[in-house]
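To start, the structure itself, in structure tokens.
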Amino acid sequence: MPKAFATWTVHPHKAIERLEDNLWRAQGVVPGMSLRRVMTIARRSDGRLVIHNAIALDEAMMAEIDAWGEVGFILVPNGYHRLDAPSFKARYPQAKVLCPRGSREKVAEVVPVDGAYEDFPADPEVALETLDGVGAIEGVMTVKSPSGHVTVVFNDAVFNMPHGTGFTGFVFRHLTQSTGGPRISRVVKLFVIKDKAAFRAHLGRLSELPGLYRMIVSHHRTVEGDAAAALQQAIGTL
């Protein structure tokens, strides 16, 4: 993985998508890789913004974000999704940097950490929790929107990437087993999951959330509509 950027460094990205009144998404490249990374922005009921998996965008789009509200929290979702965390903290020094408690040591190598997901102030619209069975290194953000839709936002715990071509496509499809629809990758199975039963049960509970409509992951595709079925499909790959 590339090193974290100490200064504001913009790489190619798409326009911000407005998914709900309190939820936005932006997709950019991972420098030097064919992966796409996803930043999710949620607005709490108190108006403060929560940045999940920060991506440095061009100034016009950052102005859009600033118009939506004050950036209150920068979530670094694990120790490998920290590329733009230092530059975001420099841009928004008042924001609290949070990460899953099991990833704190790795994240703190590049940016001071203010707390864990458990330290996120309670809010009726945006919630954080650490996933069971993964040694507390991954979590999930849940967003309840005025429309009645509920969105779950994962990091690497769940993948939803299309099959690719060439050597890289072969690696992702057959070696890391990261592609081909909602699934749990081989990398997560081998190096992240410590208790498969606990992990499966937690994903199962999330799939039963009333109003569940959308699933966002930190690489590539979002699921809209039958997110419960997509999450159950991912559980079936464990």
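Numbering starts fresh at 1 for the residues of each chain in the structure tokens, the chains themselves are lettered A, B, ... in the order given, and ligands are numbered from 1 as they appear.
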
Those in range 133-234 of chain A with strand (DSSP E or B) from DSSP, as number ranges by chain: A: 139-144, 150-153, 159-161, 179, 183, 212-216, 220, 223-224

If we count only C-alpha atoms and set the cut-off at 10 Å, which residues sit around range 109-123 of chain A, ignoring sequence neighbours fewer than 5 positions away in its own chain? Please answer as a PDB file with N, CA, C and O atoms, in the first residue's frame.
```
ATOM      1  N   LYS A   3       2.246   4.976   1.065  1.00  0.00           N
ATOM      2  CA  LYS A   3       2.350   5.609   2.372  1.00  0.00           C
ATOM      3  C   LYS A   3       1.271   6.675   2.525  1.00  0.00           C
ATOM      4  O   LYS A   3       0.749   7.199   1.550  1.00  0.00           O
ATOM      5  N   ALA A   4       0.969   6.998   3.770  1.00  0.00           N
ATOM      6  CA  ALA A   4      -0.006   8.051   4.032  1.00  0.00           C
ATOM      7  C   ALA A   4       0.545   9.398   3.578  1.00  0.00           C
ATOM      8  O   ALA A   4       1.747   9.654   3.648  1.00  0.00           O
ATOM      9  N   PHE A   5      -0.364  10.268   3.111  1.00  0.00           N
ATOM     10  CA  PHE A   5       0.034  11.573   2.599  1.00  0.00           C
ATOM     11  C   PHE A   5      -0.038  12.619   3.712  1.00  0.00           C
ATOM     12  O   PHE A   5      -1.085  12.816   4.323  1.00  0.00           O
ATOM     13  N   ALA A   6       1.087  13.284   3.943  1.00  0.00           N
ATOM     14  CA  ALA A   6       1.136  14.321   4.973  1.00  0.00           C
ATOM     15  C   ALA A   6       0.519  15.620   4.486  1.00  0.00           C
ATOM     16  O   ALA A   6       0.068  16.447   5.288  1.00  0.00           O
ATOM     17  N   ARG A  44     -24.652  13.802  11.201  1.00  0.00           N
ATOM     18  CA  ARG A  44     -25.344  13.503  12.435  1.00  0.00           C
ATOM     19  C   ARG A  44     -26.543  14.435  12.621  1.00  0.00           C
ATOM     20  O   ARG A  44     -26.698  15.441  11.939  1.00  0.00           O
ATOM     21  N   SER A  45     -27.375  14.106  13.584  1.00  0.00           N
ATOM     22  CA  SER A  45     -28.541  14.948  13.849  1.00  0.00           C
ATOM     23  C   SER A  45     -28.142  16.313  14.398  1.00  0.00           C
ATOM     24  O   SER A  45     -28.910  17.275  14.295  1.00  0.00           O
ATOM     25  N   ASP A  46     -26.929  16.427  14.974  1.00  0.00           N
ATOM     26  CA  ASP A  46     -26.465  17.723  15.462  1.00  0.00           C
ATOM     27  C   ASP A  46     -25.775  18.551  14.382  1.00  0.00           C
ATOM     28  O   ASP A  46     -25.258  19.631  14.640  1.00  0.00           O
ATOM     29  N   PHE A  73     -15.862  14.370  12.802  1.00  0.00           N
ATOM     30  CA  PHE A  73     -15.207  13.093  13.060  1.00  0.00           C
ATOM     31  C   PHE A  73     -14.573  12.561  11.779  1.00  0.00           C
ATOM     32  O   PHE A  73     -15.192  12.600  10.711  1.00  0.00           O
ATOM     33  N   ILE A  74     -13.355  12.089  11.901  1.00  0.00           N
ATOM     34  CA  ILE A  74     -12.650  11.428  10.808  1.00  0.00           C
ATOM     35  C   ILE A  74     -12.447   9.972  11.228  1.00  0.00           C
ATOM     36  O   ILE A  74     -11.713   9.702  12.191  1.00  0.00           O
ATOM     37  N   LEU A  75     -13.113   9.059  10.545  1.00  0.00           N
ATOM     38  CA  LEU A  75     -13.021   7.640  10.883  1.00  0.00           C
ATOM     39  C   LEU A  75     -11.964   6.976  10.005  1.00  0.00           C
ATOM     40  O   LEU A  75     -12.064   7.007   8.781  1.00  0.00           O
ATOM     41  N   VAL A  76     -10.974   6.391  10.641  1.00  0.00           N
ATOM     42  CA  VAL A  76      -9.963   5.608   9.927  1.00  0.00           C
ATOM     43  C   VAL A  76     -10.359   4.145  10.153  1.00  0.00           C
ATOM     44  O   VAL A  76     -10.125   3.597  11.233  1.00  0.00           O
ATOM     45  N   PRO A  77     -10.962   3.485   9.159  1.00  0.00           N
ATOM     46  CA  PRO A  77     -11.657   2.221   9.426  1.00  0.00           C
ATOM     47  C   PRO A  77     -10.779   1.006   9.675  1.00  0.00           C
ATOM     48  O   PRO A  77     -11.273  -0.007  10.149  1.00  0.00           O
ATOM     49  N   GLY A  79      -6.135  -0.146   9.960  1.00  0.00           N
ATOM     50  CA  GLY A  79      -4.770   0.339   9.900  1.00  0.00           C
ATOM     51  C   GLY A  79      -4.191   0.472   8.515  1.00  0.00           C
ATOM     52  O   GLY A  79      -3.067   0.965   8.355  1.00  0.00           O
ATOM     53  N   ARG A  82      -5.562   4.531   5.682  1.00  0.00           N
ATOM     54  CA  ARG A  82      -5.137   5.735   6.390  1.00  0.00           C
ATOM     55  C   ARG A  82      -4.422   6.733   5.473  1.00  0.00           C
ATOM     56  O   ARG A  82      -3.793   7.675   5.960  1.00  0.00           O
ATOM     57  N   LEU A  83      -4.533   6.528   4.154  1.00  0.00           N
ATOM     58  CA  LEU A  83      -3.769   7.340   3.207  1.00  0.00           C
ATOM     59  C   LEU A  83      -3.956   8.835   3.417  1.00  0.00           C
ATOM     60  O   LEU A  83      -2.995   9.598   3.454  1.00  0.00           O
ATOM     61  N   ASP A  84      -5.194   9.275   3.524  1.00  0.00           N
ATOM     62  CA  ASP A  84      -5.479  10.701   3.617  1.00  0.00           C
ATOM     63  C   ASP A  84      -5.869  11.145   5.018  1.00  0.00           C
ATOM     64  O   ASP A  84      -6.284  12.291   5.208  1.00  0.00           O
ATOM     65  N   ALA A  85      -5.727  10.272   5.992  1.00  0.00           N
ATOM     66  CA  ALA A  85      -6.077  10.644   7.366  1.00  0.00           C
ATOM     67  C   ALA A  85      -5.225  11.809   7.883  1.00  0.00           C
ATOM     68  O   ALA A  85      -5.770  12.756   8.471  1.00  0.00           O
ATOM     69  N   PRO A  86      -3.892  11.811   7.684  1.00  0.00           N
ATOM     70  CA  PRO A  86      -3.102  12.944   8.197  1.00  0.00           C
ATOM     71  C   PRO A  86      -3.480  14.276   7.561  1.00  0.00           C
ATOM     72  O   PRO A  86      -3.575  15.300   8.257  1.00  0.00           O
ATOM     73  N   SER A  87      -3.701  14.279   6.251  1.00  0.00           N
ATOM     74  CA  SER A  87      -4.023  15.545   5.591  1.00  0.00           C
ATOM     75  C   SER A  87      -5.428  16.022   5.950  1.00  0.00           C
ATOM     76  O   SER A  87      -5.681  17.231   6.030  1.00  0.00           O
ATOM     77  N   PHE A  88      -6.360  15.098   6.186  1.00  0.00           N
ATOM     78  CA  PHE A  88      -7.694  15.494   6.636  1.00  0.00           C
ATOM     79  C   PHE A  88      -7.624  16.109   8.031  1.00  0.00           C
ATOM     80  O   PHE A  88      -8.281  17.117   8.320  1.00  0.00           O
ATOM     81  N   LYS A  89      -6.840  15.508   8.909  1.00  0.00           N
ATOM     82  CA  LYS A  89      -6.698  16.053  10.267  1.00  0.00           C
ATOM     83  C   LYS A  89      -6.058  17.438  10.219  1.00  0.00           C
ATOM     84  O   LYS A  89      -6.464  18.347  10.965  1.00  0.00           O
ATOM     85  N   ALA A  90      -5.079  17.628   9.327  1.00  0.00           N
ATOM     86  CA  ALA A  90      -4.453  18.942   9.193  1.00  0.00           C
ATOM     87  C   ALA A  90      -5.456  19.971   8.682  1.00  0.00           C
ATOM     88  O   ALA A  90      -5.435  21.140   9.088  1.00  0.00           O
ATOM     89  N   ALA A  95     -11.595  18.259  14.253  1.00  0.00           N
ATOM     90  CA  ALA A  95     -12.261  16.961  14.121  1.00  0.00           C
ATOM     91  C   ALA A  95     -11.575  15.908  14.984  1.00  0.00           C
ATOM     92  O   ALA A  95     -10.349  15.906  15.141  1.00  0.00           O
ATOM     93  N   LYS A  96     -12.367  14.995  15.529  1.00  0.00           N
ATOM     94  CA  LYS A  96     -11.846  13.883  16.306  1.00  0.00           C
ATOM     95  C   LYS A  96     -11.534  12.706  15.376  1.00  0.00           C
ATOM     96  O   LYS A  96     -12.366  12.330  14.544  1.00  0.00           O
ATOM     97  N   VAL A  97     -10.354  12.153  15.528  1.00  0.00           N
ATOM     98  CA  VAL A  97      -9.967  10.975  14.749  1.00  0.00           C
ATOM     99  C   VAL A  97     -10.291   9.733  15.569  1.00  0.00           C
ATOM    100  O   VAL A  97      -9.789   9.562  16.689  1.00  0.00           O
ATOM    101  N   LEU A  98     -11.145   8.878  15.012  1.00  0.00           N
ATOM    102  CA  LEU A  98     -11.538   7.635  15.671  1.00  0.00           C
ATOM    103  C   LEU A  98     -11.212   6.455  14.772  1.00  0.00           C
ATOM    104  O   LEU A  98     -11.228   6.571  13.542  1.00  0.00           O
ATOM    105  N   CYS A  99     -10.955   5.311  15.382  1.00  0.00           N
ATOM    106  CA  CYS A  99     -10.719   4.080  14.632  1.00  0.00           C
ATOM    107  C   CYS A  99     -11.134   2.898  15.506  1.00  0.00           C
ATOM    108  O   CYS A  99     -11.279   3.039  16.728  1.00  0.00           O
ATOM    109  N   PRO A 100     -11.323   1.714  14.915  1.00  0.00           N
ATOM    110  CA  PRO A 100     -11.558   0.538  15.747  1.00  0.00           C
ATOM    111  C   PRO A 100     -10.391   0.360  16.722  1.00  0.00           C
ATOM    112  O   PRO A 100      -9.230   0.559  16.356  1.00  0.00           O
ATOM    113  N   ARG A 101     -10.689  -0.016  17.941  1.00  0.00           N
ATOM    114  CA  ARG A 101      -9.658  -0.012  18.980  1.00  0.00           C
ATOM    115  C   ARG A 101      -8.519  -0.984  18.672  1.00  0.00           C
ATOM    116  O   ARG A 101      -7.373  -0.735  19.047  1.00  0.00           O
ATOM    117  N   GLY A 102      -8.804  -2.053  17.944  1.00  0.00           N
ATOM    118  CA  GLY A 102      -7.756  -3.007  17.594  1.00  0.00           C
ATOM    119  C   GLY A 102      -6.829  -2.504  16.510  1.00  0.00           C
ATOM    120  O   GLY A 102      -5.769  -3.098  16.272  1.00  0.00           O
ATOM    121  N   SER A 103      -7.192  -1.413  15.846  1.00  0.00           N
ATOM    122  CA  SER A 103      -6.363  -0.828  14.787  1.00  0.00           C
ATOM    123  C   SER A 103      -5.632   0.425  15.248  1.00  0.00           C
ATOM    124  O   SER A 103      -4.909   1.043  14.466  1.00  0.00           O
ATOM    125  N   ARG A 104      -5.807   0.789  16.504  1.00  0.00           N
ATOM    126  CA  ARG A 104      -5.292   2.078  16.973  1.00  0.00           C
ATOM    127  C   ARG A 104      -3.775   2.201  16.806  1.00  0.00           C
ATOM    128  O   ARG A 104      -3.281   3.241  16.364  1.00  0.00           O
ATOM    129  N   LEU A 128     -21.825   3.937  15.379  1.00  0.00           N
ATOM    130  CA  LEU A 128     -20.649   3.124  15.098  1.00  0.00           C
ATOM    131  C   LEU A 128     -20.627   1.940  16.041  1.00  0.00           C
ATOM    132  O   LEU A 128     -21.029   2.043  17.200  1.00  0.00           O
ATOM    133  N   GLU A 129     -20.141   0.809  15.550  1.00  0.00           N
ATOM    134  CA  GLU A 129     -19.914  -0.342  16.413  1.00  0.00           C
ATOM    135  C   GLU A 129     -18.753  -1.154  15.880  1.00  0.00           C
ATOM    136  O   GLU A 129     -18.457  -1.143  14.673  1.00  0.00           O
ATOM    137  N   THR A 130     -18.070  -1.833  16.772  1.00  0.00           N
ATOM    138  CA  THR A 130     -16.994  -2.729  16.394  1.00  0.00           C
ATOM    139  C   THR A 130     -17.593  -4.083  16.054  1.00  0.00           C
ATOM    140  O   THR A 130     -18.495  -4.565  16.754  1.00  0.00           O
ATOM    141  N   ALA A 136     -11.429  -6.693  17.020  1.00  0.00           N
ATOM    142  CA  ALA A 136     -11.698  -5.247  17.138  1.00  0.00           C
ATOM    143  C   ALA A 136     -10.907  -4.409  16.143  1.00  0.00           C
ATOM    144  O   ALA A 136     -10.649  -3.230  16.395  1.00  0.00           O
ATOM    145  N   GLU A 138     -11.967  -4.064  12.843  1.00  0.00           N
ATOM    146  CA  GLU A 138     -12.912  -3.567  11.844  1.00  0.00           C
ATOM    147  C   GLU A 138     -14.220  -3.222  12.531  1.00  0.00           C
ATOM    148  O   GLU A 138     -14.577  -3.813  13.562  1.00  0.00           O
ATOM    149  N   GLY A 139     -14.943  -2.283  11.956  1.00  0.00           N
ATOM    150  CA  GLY A 139     -16.230  -1.900  12.500  1.00  0.00           C
ATOM    151  C   GLY A 139     -17.242  -1.661  11.402  1.00  0.00           C
ATOM    152  O   GLY A 139     -17.005  -1.973  10.230  1.00  0.00           O
ATOM    153  N   VAL A 140     -18.376  -1.088  11.772  1.00  0.00           N
ATOM    154  CA  VAL A 140     -19.429  -0.771  10.811  1.00  0.00           C
ATOM    155  C   VAL A 140     -20.107   0.518  11.263  1.00  0.00           C
ATOM    156  O   VAL A 140     -20.267   0.778  12.456  1.00  0.00           O
ATOM    157  N   MET A 141     -20.461   1.348  10.296  1.00  0.00           N
ATOM    158  CA  MET A 141     -21.235   2.562  10.554  1.00  0.00           C
ATOM    159  C   MET A 141     -22.652   2.340  10.037  1.00  0.00           C
ATOM    160  O   MET A 141     -22.835   1.836   8.919  1.00  0.00           O
ATOM    161  N   VAL A 143     -26.316   4.277   9.284  1.00  0.00           N
ATOM    162  CA  VAL A 143     -26.907   5.604   9.069  1.00  0.00           C
ATOM    163  C   VAL A 143     -28.404   5.456   8.843  1.00  0.00           C
ATOM    164  O   VAL A 143     -28.836   4.716   7.950  1.00  0.00           O
TER     165      VAL A 143
END
```

Going by DSSP on the backbone, which residues of chain A come out as alpha helix (DSSP H)? List them as a PyMOL selection string. chain A and resi 59-68+85-91+104-107+166-170+186-191+196-207+227-235

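Reported to one decimal place, the separation of CA of Lys194 in chain A from CA of Arg214 in chain A is 26.6 Å.
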
Shell of 9 Å around Trp24 in chain A, only C-alpha atoms, local chain residues under 6 positions omitted, as a PDB file with C-alpha atoms, in the first residue's frame:
```
ATOM      1  CA  ILE A  16     -19.716  13.191  -4.938  1.00  0.00           C
ATOM      2  CA  GLU A  17     -22.988  11.234  -5.014  1.00  0.00           C
ATOM      3  CA  ARG A  18     -25.850  12.405  -2.824  1.00  0.00           C
ATOM      4  CA  MET A  39     -15.352   7.682   1.122  1.00  0.00           C
ATOM      5  CA  THR A  40     -18.698   7.891   2.899  1.00  0.00           C
ATOM      6  CA  ILE A  41     -19.909  11.123   4.503  1.00  0.00           C
ATOM      7  CA  ALA A  42     -22.757  11.037   7.011  1.00  0.00           C
ATOM      8  CA  ARG A  43     -24.362  13.950   8.818  1.00  0.00           C
TER       9      ARG A  43
END
```

With distances taken over only C-alpha atoms, which residue among A:Leu35, A:Met61, A:Leu19, A:Ala157 lies nearest Leu190 in chain A?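 Smallest distance to Leu190 in chain A is found for A:Ala157.
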
Rounded to one decimal, what separation in Å do you get between CA of Phe199 in chain A and CA of Leu131 in chain A?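 It comes out at 6.9 Å.
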